[in-house]
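Have a look at run25.cif below; it lists mmCIF, N, CA and C atoms.
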data_input
#
loop_
_atom_site.label_atom_id
_atom_site.label_comp_id
_atom_site.auth_asym_id
_atom_site.auth_seq_id
_atom_site.Cartn_x
_atom_site.Cartn_y
_atom_site.Cartn_z
N MET A 1 27.41 -42.95 130.15
CA MET A 1 28.35 -42.94 129.05
C MET A 1 29.40 -41.85 129.29
N THR A 2 30.68 -42.19 129.13
CA THR A 2 31.77 -41.24 129.31
C THR A 2 31.91 -40.38 128.07
N ARG A 3 31.98 -39.08 128.27
CA ARG A 3 32.13 -38.14 127.16
C ARG A 3 33.59 -38.10 126.72
N THR A 4 33.83 -38.24 125.43
CA THR A 4 35.17 -38.11 124.89
C THR A 4 35.47 -36.63 124.75
N PRO A 5 36.61 -36.16 125.27
CA PRO A 5 36.90 -34.73 125.15
C PRO A 5 37.10 -34.33 123.70
N ASP A 6 36.64 -33.13 123.38
CA ASP A 6 36.90 -32.61 122.05
C ASP A 6 38.40 -32.53 121.86
N ARG A 7 38.85 -32.88 120.67
CA ARG A 7 40.28 -32.84 120.40
C ARG A 7 40.56 -31.95 119.21
N PHE A 8 41.66 -31.26 119.31
CA PHE A 8 42.10 -30.33 118.30
C PHE A 8 43.30 -30.94 117.61
N LEU A 9 43.29 -30.94 116.29
CA LEU A 9 44.39 -31.54 115.52
C LEU A 9 45.26 -30.44 114.94
N ASP A 10 46.55 -30.51 115.23
CA ASP A 10 47.52 -29.56 114.71
C ASP A 10 47.80 -29.90 113.25
N SER A 11 48.27 -28.92 112.50
CA SER A 11 48.57 -29.12 111.08
C SER A 11 49.62 -30.20 110.87
N ASN A 12 50.60 -30.31 111.78
CA ASN A 12 51.66 -31.30 111.61
C ASN A 12 51.12 -32.72 111.65
N VAL A 13 50.03 -32.94 112.34
CA VAL A 13 49.40 -34.26 112.39
C VAL A 13 48.71 -34.55 111.05
N LEU A 14 47.96 -33.61 110.57
CA LEU A 14 47.18 -33.81 109.34
C LEU A 14 48.06 -33.90 108.10
N LEU A 15 49.21 -33.26 108.11
CA LEU A 15 50.09 -33.32 106.95
C LEU A 15 50.63 -34.73 106.70
N TYR A 16 50.61 -35.57 107.72
CA TYR A 16 51.05 -36.95 107.52
C TYR A 16 50.09 -37.74 106.64
N LEU A 17 48.90 -37.21 106.40
CA LEU A 17 47.95 -37.89 105.50
C LEU A 17 48.56 -38.03 104.10
N ALA A 18 49.42 -37.11 103.74
CA ALA A 18 50.04 -37.13 102.41
C ALA A 18 51.52 -37.53 102.50
N SER A 19 51.88 -38.23 103.56
CA SER A 19 53.27 -38.58 103.80
C SER A 19 53.61 -39.98 103.30
N SER A 20 54.89 -40.19 103.06
CA SER A 20 55.36 -41.54 102.70
C SER A 20 55.62 -42.38 103.95
N ASP A 21 55.49 -41.77 105.13
CA ASP A 21 55.63 -42.50 106.39
C ASP A 21 54.31 -43.23 106.65
N THR A 22 54.25 -44.50 106.27
CA THR A 22 52.97 -45.23 106.29
C THR A 22 52.40 -45.38 107.70
N ARG A 23 53.25 -45.54 108.71
CA ARG A 23 52.75 -45.67 110.09
C ARG A 23 52.06 -44.39 110.52
N LYS A 24 52.73 -43.25 110.33
CA LYS A 24 52.14 -41.97 110.74
C LYS A 24 50.94 -41.61 109.86
N ALA A 25 50.99 -41.95 108.59
CA ALA A 25 49.85 -41.67 107.70
C ALA A 25 48.62 -42.44 108.17
N ALA A 26 48.80 -43.68 108.57
CA ALA A 26 47.67 -44.49 109.05
C ALA A 26 47.09 -43.92 110.34
N ILE A 27 47.96 -43.47 111.24
CA ILE A 27 47.49 -42.87 112.49
C ILE A 27 46.72 -41.59 112.19
N ALA A 28 47.27 -40.76 111.31
CA ALA A 28 46.61 -39.50 110.95
C ALA A 28 45.24 -39.76 110.32
N GLU A 29 45.15 -40.78 109.48
CA GLU A 29 43.88 -41.11 108.84
C GLU A 29 42.84 -41.55 109.87
N THR A 30 43.26 -42.36 110.82
CA THR A 30 42.35 -42.80 111.88
C THR A 30 41.87 -41.61 112.70
N LEU A 31 42.79 -40.70 113.02
CA LEU A 31 42.41 -39.51 113.78
C LEU A 31 41.43 -38.65 112.99
N LEU A 32 41.69 -38.45 111.72
CA LEU A 32 40.80 -37.65 110.88
C LEU A 32 39.40 -38.25 110.84
N GLN A 33 39.33 -39.55 110.69
CA GLN A 33 38.03 -40.22 110.62
C GLN A 33 37.29 -40.14 111.95
N GLY A 34 38.03 -39.99 113.05
CA GLY A 34 37.41 -39.88 114.37
C GLY A 34 36.89 -38.50 114.69
N GLY A 35 37.14 -37.56 113.79
CA GLY A 35 36.63 -36.20 113.98
C GLY A 35 37.49 -35.38 114.91
N GLY A 36 37.09 -34.15 115.06
CA GLY A 36 37.82 -33.22 115.91
C GLY A 36 37.64 -31.80 115.41
N VAL A 37 38.55 -30.96 115.85
CA VAL A 37 38.47 -29.53 115.58
C VAL A 37 39.80 -29.05 115.02
N ILE A 38 39.74 -28.12 114.10
CA ILE A 38 40.91 -27.40 113.62
C ILE A 38 40.54 -25.93 113.52
N SER A 39 41.53 -25.10 113.25
CA SER A 39 41.25 -23.68 113.03
C SER A 39 41.62 -23.31 111.61
N VAL A 40 41.25 -22.12 111.22
CA VAL A 40 41.63 -21.61 109.91
C VAL A 40 43.15 -21.57 109.79
N GLN A 41 43.84 -21.29 110.90
CA GLN A 41 45.30 -21.29 110.87
C GLN A 41 45.84 -22.66 110.46
N VAL A 42 45.24 -23.73 110.95
CA VAL A 42 45.66 -25.08 110.56
C VAL A 42 45.51 -25.26 109.06
N LEU A 43 44.40 -24.81 108.51
CA LEU A 43 44.19 -24.90 107.06
C LEU A 43 45.27 -24.11 106.32
N ASN A 44 45.59 -22.92 106.81
CA ASN A 44 46.62 -22.10 106.16
C ASN A 44 47.99 -22.77 106.22
N GLU A 45 48.33 -23.35 107.37
CA GLU A 45 49.63 -24.02 107.51
C GLU A 45 49.71 -25.24 106.59
N ILE A 46 48.63 -25.99 106.51
CA ILE A 46 48.59 -27.15 105.61
C ILE A 46 48.79 -26.68 104.17
N ALA A 47 48.07 -25.64 103.78
CA ALA A 47 48.17 -25.12 102.41
C ALA A 47 49.60 -24.69 102.09
N ASN A 48 50.24 -24.01 103.02
CA ASN A 48 51.60 -23.53 102.81
C ASN A 48 52.57 -24.70 102.61
N VAL A 49 52.53 -25.67 103.50
CA VAL A 49 53.45 -26.81 103.42
C VAL A 49 53.14 -27.68 102.21
N ALA A 50 51.87 -27.91 101.95
CA ALA A 50 51.48 -28.77 100.83
C ALA A 50 51.94 -28.18 99.49
N ARG A 51 51.86 -26.87 99.36
CA ARG A 51 52.30 -26.23 98.11
C ARG A 51 53.83 -26.12 98.05
N ARG A 52 54.43 -25.62 99.14
CA ARG A 52 55.85 -25.29 99.12
C ARG A 52 56.74 -26.52 99.22
N LYS A 53 56.41 -27.45 100.11
CA LYS A 53 57.30 -28.59 100.35
C LYS A 53 56.84 -29.87 99.67
N MET A 54 55.53 -30.04 99.50
CA MET A 54 55.02 -31.29 98.96
C MET A 54 54.68 -31.18 97.48
N GLY A 55 54.64 -29.97 96.96
CA GLY A 55 54.42 -29.77 95.54
C GLY A 55 53.02 -30.07 95.04
N LEU A 56 52.01 -30.01 95.93
CA LEU A 56 50.64 -30.24 95.48
C LEU A 56 50.22 -29.11 94.52
N SER A 57 49.49 -29.49 93.49
CA SER A 57 48.94 -28.49 92.58
C SER A 57 47.77 -27.80 93.28
N TRP A 58 47.32 -26.70 92.71
CA TRP A 58 46.18 -26.00 93.31
C TRP A 58 44.93 -26.89 93.37
N PRO A 59 44.60 -27.63 92.32
CA PRO A 59 43.43 -28.52 92.40
C PRO A 59 43.62 -29.63 93.45
N GLU A 60 44.82 -30.19 93.54
CA GLU A 60 45.09 -31.22 94.56
C GLU A 60 44.94 -30.64 95.96
N LEU A 61 45.45 -29.43 96.13
CA LEU A 61 45.34 -28.76 97.43
C LEU A 61 43.88 -28.50 97.79
N ALA A 62 43.12 -28.02 96.83
CA ALA A 62 41.69 -27.76 97.07
C ALA A 62 40.96 -29.04 97.48
N ASP A 63 41.25 -30.13 96.82
CA ASP A 63 40.63 -31.41 97.16
C ASP A 63 41.02 -31.86 98.57
N PHE A 64 42.31 -31.74 98.89
CA PHE A 64 42.81 -32.15 100.20
C PHE A 64 42.18 -31.33 101.31
N LEU A 65 42.19 -30.00 101.14
CA LEU A 65 41.60 -29.13 102.17
C LEU A 65 40.10 -29.34 102.28
N GLY A 66 39.44 -29.57 101.17
CA GLY A 66 38.00 -29.82 101.20
C GLY A 66 37.67 -31.09 101.98
N ALA A 67 38.48 -32.12 101.80
CA ALA A 67 38.26 -33.37 102.55
C ALA A 67 38.46 -33.15 104.04
N VAL A 68 39.49 -32.41 104.39
CA VAL A 68 39.76 -32.12 105.81
C VAL A 68 38.60 -31.32 106.41
N ARG A 69 38.19 -30.26 105.69
CA ARG A 69 37.09 -29.43 106.19
C ARG A 69 35.79 -30.21 106.31
N GLY A 70 35.61 -31.21 105.47
CA GLY A 70 34.39 -32.01 105.52
C GLY A 70 34.33 -32.95 106.72
N LEU A 71 35.47 -33.26 107.30
CA LEU A 71 35.50 -34.22 108.40
C LEU A 71 35.76 -33.60 109.77
N LEU A 72 36.21 -32.36 109.80
CA LEU A 72 36.55 -31.71 111.05
C LEU A 72 35.81 -30.39 111.18
N ARG A 73 35.51 -30.01 112.41
CA ARG A 73 34.90 -28.71 112.67
C ARG A 73 36.00 -27.64 112.55
N VAL A 74 35.73 -26.59 111.82
CA VAL A 74 36.71 -25.53 111.62
C VAL A 74 36.29 -24.30 112.43
N GLU A 75 37.20 -23.85 113.29
CA GLU A 75 36.96 -22.66 114.10
C GLU A 75 37.63 -21.45 113.45
N ASN A 76 36.92 -20.34 113.43
CA ASN A 76 37.48 -19.10 112.92
C ASN A 76 38.47 -18.51 113.91
N LEU A 77 39.35 -17.68 113.41
CA LEU A 77 40.29 -16.96 114.27
C LEU A 77 39.71 -15.61 114.62
N THR A 78 39.94 -15.19 115.84
CA THR A 78 39.43 -13.91 116.31
C THR A 78 40.56 -13.14 117.00
N VAL A 79 40.29 -11.90 117.31
CA VAL A 79 41.25 -11.11 118.08
C VAL A 79 41.44 -11.75 119.47
N ALA A 80 40.37 -12.30 120.02
CA ALA A 80 40.48 -12.97 121.32
C ALA A 80 41.44 -14.17 121.24
N THR A 81 41.36 -14.92 120.14
CA THR A 81 42.29 -16.03 119.93
C THR A 81 43.72 -15.51 119.86
N HIS A 82 43.91 -14.45 119.13
CA HIS A 82 45.23 -13.83 118.98
C HIS A 82 45.79 -13.40 120.34
N GLU A 83 44.98 -12.72 121.12
CA GLU A 83 45.44 -12.24 122.43
C GLU A 83 45.74 -13.40 123.36
N ARG A 84 44.90 -14.42 123.33
CA ARG A 84 45.14 -15.60 124.17
C ARG A 84 46.43 -16.30 123.73
N GLY A 85 46.66 -16.37 122.43
CA GLY A 85 47.88 -16.97 121.92
C GLY A 85 49.12 -16.23 122.38
N LEU A 86 49.08 -14.91 122.35
CA LEU A 86 50.22 -14.13 122.83
C LEU A 86 50.50 -14.43 124.30
N ALA A 87 49.44 -14.51 125.09
CA ALA A 87 49.61 -14.81 126.52
C ALA A 87 50.19 -16.21 126.74
N LEU A 88 49.74 -17.18 125.94
CA LEU A 88 50.28 -18.54 126.06
C LEU A 88 51.75 -18.60 125.64
N ALA A 89 52.10 -17.88 124.60
CA ALA A 89 53.50 -17.85 124.15
C ALA A 89 54.39 -17.30 125.26
N GLU A 90 53.94 -16.24 125.89
CA GLU A 90 54.73 -15.63 126.97
C GLU A 90 54.80 -16.55 128.19
N ARG A 91 53.68 -17.10 128.59
CA ARG A 91 53.63 -17.91 129.82
C ARG A 91 54.38 -19.24 129.68
N TYR A 92 54.23 -19.92 128.54
CA TYR A 92 54.77 -21.26 128.39
C TYR A 92 56.01 -21.34 127.49
N GLY A 93 56.42 -20.21 126.94
CA GLY A 93 57.60 -20.21 126.08
C GLY A 93 57.39 -20.91 124.75
N LEU A 94 56.17 -20.93 124.27
CA LEU A 94 55.85 -21.57 123.00
C LEU A 94 56.21 -20.65 121.84
N SER A 95 56.45 -21.24 120.68
CA SER A 95 56.59 -20.41 119.48
C SER A 95 55.24 -19.73 119.26
N LEU A 96 55.26 -18.63 118.55
CA LEU A 96 54.03 -17.90 118.32
C LEU A 96 52.98 -18.75 117.60
N TYR A 97 53.42 -19.51 116.59
CA TYR A 97 52.46 -20.32 115.84
C TYR A 97 51.88 -21.45 116.69
N ASP A 98 52.72 -22.10 117.50
CA ASP A 98 52.21 -23.14 118.40
C ASP A 98 51.25 -22.55 119.43
N ALA A 99 51.58 -21.37 119.92
CA ALA A 99 50.70 -20.72 120.90
C ALA A 99 49.35 -20.37 120.29
N MET A 100 49.33 -19.97 119.03
CA MET A 100 48.07 -19.64 118.36
C MET A 100 47.23 -20.90 118.13
N ILE A 101 47.89 -22.02 117.86
CA ILE A 101 47.18 -23.29 117.74
C ILE A 101 46.55 -23.65 119.09
N ALA A 102 47.33 -23.54 120.15
CA ALA A 102 46.83 -23.86 121.49
C ALA A 102 45.68 -22.93 121.87
N ALA A 103 45.81 -21.66 121.54
CA ALA A 103 44.74 -20.70 121.85
C ALA A 103 43.46 -21.04 121.10
N ALA A 104 43.58 -21.40 119.84
CA ALA A 104 42.40 -21.78 119.07
C ALA A 104 41.74 -23.02 119.67
N ALA A 105 42.56 -23.96 120.12
CA ALA A 105 42.02 -25.17 120.74
C ALA A 105 41.27 -24.83 122.03
N LEU A 106 41.84 -23.95 122.83
CA LEU A 106 41.17 -23.53 124.07
C LEU A 106 39.89 -22.77 123.77
N GLU A 107 39.95 -21.87 122.79
CA GLU A 107 38.76 -21.10 122.42
C GLU A 107 37.64 -22.01 121.92
N ALA A 108 38.01 -23.13 121.29
CA ALA A 108 37.02 -24.08 120.77
C ALA A 108 36.48 -25.01 121.86
N GLY A 109 37.02 -24.91 123.06
CA GLY A 109 36.55 -25.75 124.16
C GLY A 109 37.13 -27.14 124.17
N CYS A 110 38.24 -27.33 123.47
CA CYS A 110 38.87 -28.66 123.43
C CYS A 110 39.64 -28.92 124.72
N GLU A 111 39.76 -30.19 125.04
CA GLU A 111 40.52 -30.61 126.21
C GLU A 111 41.82 -31.29 125.82
N LEU A 112 41.96 -31.64 124.55
CA LEU A 112 43.11 -32.39 124.06
C LEU A 112 43.62 -31.74 122.77
N LEU A 113 44.93 -31.51 122.72
CA LEU A 113 45.57 -30.95 121.53
C LEU A 113 46.56 -31.98 121.00
N LEU A 114 46.27 -32.51 119.82
CA LEU A 114 47.13 -33.51 119.21
C LEU A 114 48.16 -32.80 118.34
N SER A 115 49.43 -32.90 118.75
CA SER A 115 50.50 -32.20 118.06
C SER A 115 51.81 -32.94 118.23
N GLU A 116 52.59 -32.92 117.19
CA GLU A 116 53.92 -33.50 117.24
C GLU A 116 54.96 -32.45 117.63
N ASP A 117 54.57 -31.18 117.59
CA ASP A 117 55.52 -30.09 117.82
C ASP A 117 55.67 -29.65 119.27
N MET A 118 54.71 -29.96 120.10
CA MET A 118 54.76 -29.50 121.48
C MET A 118 55.06 -30.66 122.42
N GLN A 119 55.42 -30.34 123.63
CA GLN A 119 55.83 -31.35 124.60
C GLN A 119 54.66 -32.26 124.99
N HIS A 120 54.85 -33.56 124.77
CA HIS A 120 53.83 -34.56 125.09
C HIS A 120 53.51 -34.50 126.59
N GLY A 121 52.23 -34.41 126.91
CA GLY A 121 51.78 -34.38 128.30
C GLY A 121 51.70 -33.00 128.91
N MET A 122 52.15 -31.99 128.20
CA MET A 122 52.14 -30.61 128.72
C MET A 122 50.70 -30.14 128.91
N ASP A 123 50.47 -29.43 130.01
CA ASP A 123 49.17 -28.82 130.27
C ASP A 123 49.30 -27.33 129.99
N LEU A 124 48.44 -26.85 129.13
CA LEU A 124 48.47 -25.43 128.74
C LEU A 124 47.22 -24.73 129.26
N GLY A 125 47.06 -24.71 130.55
CA GLY A 125 45.95 -23.98 131.15
C GLY A 125 44.58 -24.54 130.80
N GLY A 126 44.45 -25.84 130.79
CA GLY A 126 43.14 -26.46 130.54
C GLY A 126 43.11 -27.35 129.32
N ILE A 127 44.19 -27.42 128.61
CA ILE A 127 44.27 -28.33 127.47
C ILE A 127 45.57 -29.12 127.59
N ARG A 128 45.46 -30.42 127.33
CA ARG A 128 46.62 -31.30 127.44
C ARG A 128 47.13 -31.61 126.04
N VAL A 129 48.46 -31.54 125.88
CA VAL A 129 49.09 -31.84 124.60
C VAL A 129 49.42 -33.32 124.56
N GLU A 130 49.09 -33.94 123.45
CA GLU A 130 49.42 -35.35 123.27
C GLU A 130 50.02 -35.54 121.87
N ASN A 131 51.14 -36.25 121.81
CA ASN A 131 51.74 -36.60 120.53
C ASN A 131 51.15 -37.93 120.10
N PRO A 132 50.30 -37.95 119.08
CA PRO A 132 49.65 -39.20 118.69
C PRO A 132 50.61 -40.22 118.07
N PHE A 133 51.82 -39.78 117.75
CA PHE A 133 52.80 -40.66 117.13
C PHE A 133 53.82 -41.20 118.12
N ALA A 134 53.74 -40.76 119.37
CA ALA A 134 54.67 -41.21 120.39
C ALA A 134 54.45 -42.71 120.62
N ALA A 135 55.54 -43.43 120.80
CA ALA A 135 55.43 -44.87 121.06
C ALA A 135 54.70 -45.09 122.37
N SER A 136 53.76 -46.02 122.36
CA SER A 136 53.01 -46.27 123.59
C SER A 136 53.71 -47.25 124.49
#

Would you kindly transcribe this structure into structure tokens?
Amino acid sequence: MTRTPDRFLDSNVLLYLASSDTRKAAIAETLLQGGGVISVQVLNEIANVARRKMGLSWPELADFLGAVRGLLRVENLTVATHERGLALAERYGLSLYDAMIAAAALEAGCELLLSEDMQHGMDLGGIRVENPFAAS
């Protein structure tokens, strides 16, 4: 049996769950149901966007985050994650937040990072970036 690589979901992918873009929302829902890994940073980014841009109430936000946490493994952030993120930002020219996402994915042992914000197909020292919304 072929092992499916652990995959890390970026906040931008999960935010489509509450989007009016039905195609991307359906893809995000399928990905969420398939499991994966996120970090506490992903939860924080979702909370920020959901409150500031999407207008979710605190109870709605709590329900949304609870559902996400119930379906995905959540990795804590550490100083090692932070240091690795800084190194990735410098080496690959990533934004600091994208680099921290990539670092968390690497620290979690993932081989695939699903993100709409980074270059599709990019290899970040052992993890491949894939845009799940890119036309096949």

Axis-aligned box for segment 124-130 of chain A, 3 Å per side, centre and edges in Å as JSON:
{"center_x": 46.6, "center_y": -29.8, "center_z": 126.5, "size_x": 12.9, "size_y": 17.6, "size_z": 15.3}

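Compared by their closest atoms to Leu31 of chain A, and using only C-alpha atoms, the residues A:Leu14, A:Glu60, A:Leu96, A:Ala47 rank with A:Leu14 nearest.
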
>> Report as a list in words all protein, DNA and RNA residues lying within 9 Å of Glu130 of chain A, evaluated on only C-alpha atoms, omitting residues in the same chain fewer than 2 positions from it.
In response: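 Within the cut-off, the hits are Leu112, Leu113, Leu114, Ser115, Glu116, Met118, Gln119, His120, Gly121, Met122, Arg128, Pro132, Phe133 and Ala134 of chain A.
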
> Looking at only C-alpha atoms, which of A:Tyr16, A:Leu94, A:Gly66, A:Ile27 is the one that sits closest to Val49 of chain A?
Replying inline: A:Tyr16

Contacts of Glu83 of chain A within 9 Å, only C-alpha atoms, excl. fewer than 4 positions in-chain, as a compact mmCIF listing (two decimals) with N, CA and C atoms, keeping the file's coordinate frame:
# COMPACT_ATOMS: atom_id res chain seq x y z
N THR A 78 39.94 -15.19 115.84
CA THR A 78 39.43 -13.91 116.31
C THR A 78 40.56 -13.14 117.00
N VAL A 79 40.29 -11.90 117.31
CA VAL A 79 41.25 -11.11 118.08
C VAL A 79 41.44 -11.75 119.47
N ALA A 87 49.44 -14.51 125.09
CA ALA A 87 49.61 -14.81 126.52
C ALA A 87 50.19 -16.21 126.74
N LEU A 88 49.74 -17.18 125.94
CA LEU A 88 50.28 -18.54 126.06
C LEU A 88 51.75 -18.60 125.64
N MET A 100 49.33 -19.97 119.03
CA MET A 100 48.07 -19.64 118.36
C MET A 100 47.23 -20.90 118.13
N ALA A 103 45.81 -21.66 121.54
CA ALA A 103 44.74 -20.70 121.85
C ALA A 103 43.46 -21.04 121.10

> Please, what distance in Å, to one decimal, runs between atom CA of Ser39 of chain A and atom CA of Thr22 of chain A?
Replying inline: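 Computed distance, atom CA of Ser39 of chain A to atom CA of Thr22 of chain A, equals 25.4 Å.
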
> Pick from A:Ala25, A:Ala108, A:Ile38, A:Val129: nearest to Ala80 of chain A, with only C-alpha atoms counted?
Replying inline: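 For Ala80 of chain A, the nearest of the given residues is A:Ala108.
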
> What is the atom C of Asn131 of chain A to atom C of Phe8 of chain A distance in Å?
Replying inline: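 Computing it gives 10.8 Å between the two atoms.
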
>> Which of chain A end up as strand (DSSP E or B) when DSSP is run on this backbone - answer as a PyMOL selection string?
In response: chain A and resi 7-9+37-39+73-75+112-114+123+128-130

> Using only C-alpha atoms, what residues lie at most 9 Å away from (33.5, -33.6, 108.6) (file coordinates), given as a PyMOL selection string?
Replying inline: chain A and resi 32-33+35-36+67-73

> Between A:Leu86, A:Val37, A:Leu56, A:Asp21, which has the minimum distance to Ala105 of chain A (counting only N, CA and C atoms)?
Replying inline: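 Residue with the minimum atom-to-atom distance to Ala105 of chain A: A:Val37.
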
> For Gly55 of chain A, which residue among A:Ala18, A:Cys110, A:Val74, A:Val40 is the nearest when counting only C-alpha atoms?
Replying inline: A:Ala18

> Where in segment 18-127 of chain A does DSSP assign alpha helix (DSSP H), given as a ChimeraX atom specification?
Replying inline: /A:22-33,40-52,58-71,79-92,96-107

> How many Å separate atom N of Ala26 of chain A from atom CA of Ala50 of chain A?
Replying inline: 17.0 Å
